[in-house]
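Okay, so here's the structure we're looking at.
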Amino acid sequence: MLEVCGLALVVTMGLALGRGVLGPSIFDRVLAVNMIGTKTVLLLAVIAFLYDRPDFLDLALAYALINFIGVMAILQFVQNKALRNPPSNEPVSQDNSKEA
Amino acid sequence: METEFLQSLPRLLAYASMVIGSAFIVIGGIGVLRMPEIFTRMHASSVTETTGSLFVLAGLMILSGFTLATVKLFAISLFLLFTSPVSTYALVNTALIAGQKPVVVKDSTGGVSA
């Protein structure tokens with residue numbers, strides 16, 4: 001059952017990676033990075049039980065911290081850039097207006 | 001017979017919880033890949049980060065019993081519960097500042113849906 005859970009996590013990381021590659025805007029890519037990071041934490045916890053090595057739980061905890069800080073840093077950078085160049089009233093990505 | 005069942009009950013509970021969590025995680029992953037725009041994609045992603053993570057970690061906690069590993073798993077789940085809303089808020093705020101707009105569709109009755 002641990003194997004099933006690990007397989008589901010790996011499949012979901014692949015789906016999130018697809019969104020990161022396809023994603024039209026930077027926010028889709030940040031979302032994919034955040035999601036892959038959370039799934040990595042869970043996968044480390046599952047691997048700790050799969051191979052019976054509880055030390056991996058410490059790695060999972062450290063990875064959760066690093067993932068949060070990394071996402072915050074990228075978003076701060078993007079937000080500063082957006083505030084320096086304020087957007088017009090039109091939506092930035094043309095895909096949204098086409099789909100509406 | 002009954003004692004055997006009672007002894008294997010925690011393991012069955014743990015496996016059931018982990019399977020439920022895996023199902024939620026895969027469903028959220030499909031949603032992230034298929035949803036039309038950033039805000040709906042984040043809605044799909046939050047399913048995996050709350051329900052999926054908590055079910056999987058709860059299953060692992062039941063599996064490990066009263067050990068140090070349970071304390072660590074509890075710390076991980078607590079940390080995920082605190083950080084995922086914060087990063088979701090930061091992502092939405094940045095997307096709105098950068099000019100991303102939610103796609104709004106008017107249906108036939110004049111109601112508005114996202």
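Following the order of the structure tokens, first chain is A, next is B, and so on, with residues numbered from 1 inside each chain and ligands from 1 in the order they appear.
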Cut-off 6 Å: closest chain B/chain A atom pairs per residue, using only C-alpha atoms, as CSV:
residue,atom,partner,partner_atom,distance
B:Ser22,CA,A:Cys5,CA,5.5
B:Val26,CA,A:Thr12,CA,5.5
B:Gly29,CA,A:Thr12,CA,5.0
B:Leu33,CA,A:Arg19,CA,5.4
B:Ile76,CA,A:Leu61,CA,5.7
B:Thr94,CA,A:Gln79,CA,5.4
B:Ala98,CA,A:Ala82,CA,5.1
B:Gly99,CA,A:Pro87,CA,5.6
B:Gln100,CA,A:Pro91,CA,5.8
If we count only C-alpha atoms, what is near Val32 (chain B) at a cut-off of 6 Å, once residues fewer than 3 positions away on the same chain are taken out, given as a ChimeraX atom specification? /B:29,35,41,44
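Here CA of Phe74 (chain B) is placed at a distance of 27.4 Å from CA of Gly31 (chain B).
Between CA of Leu54 (chain B) and CA of Val33 (chain A) there is a distance of 19.7 Å.
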Mind giving me the straight-line distance from CA of Lys72 (chain B) to CA of Pro10 (chain B) in Å, one decimal? 19.3 Å
Based on DSSP run over this structure's backbone, return all residues of region 24-93 of chain A in helix (DSSP H, G or I), as a PyMOL selection string. chain A and resi 26-50+56-84
Give me the residues within 10 Å of Ser64 (chain B) as a VMD selection string, counting only C-alpha atoms and dropping any in the same chain fewer than 5 places off. (chain A and resid 49 54) or (chain B and resid 10 to 11 14 58 to 59 69 to 70 73)
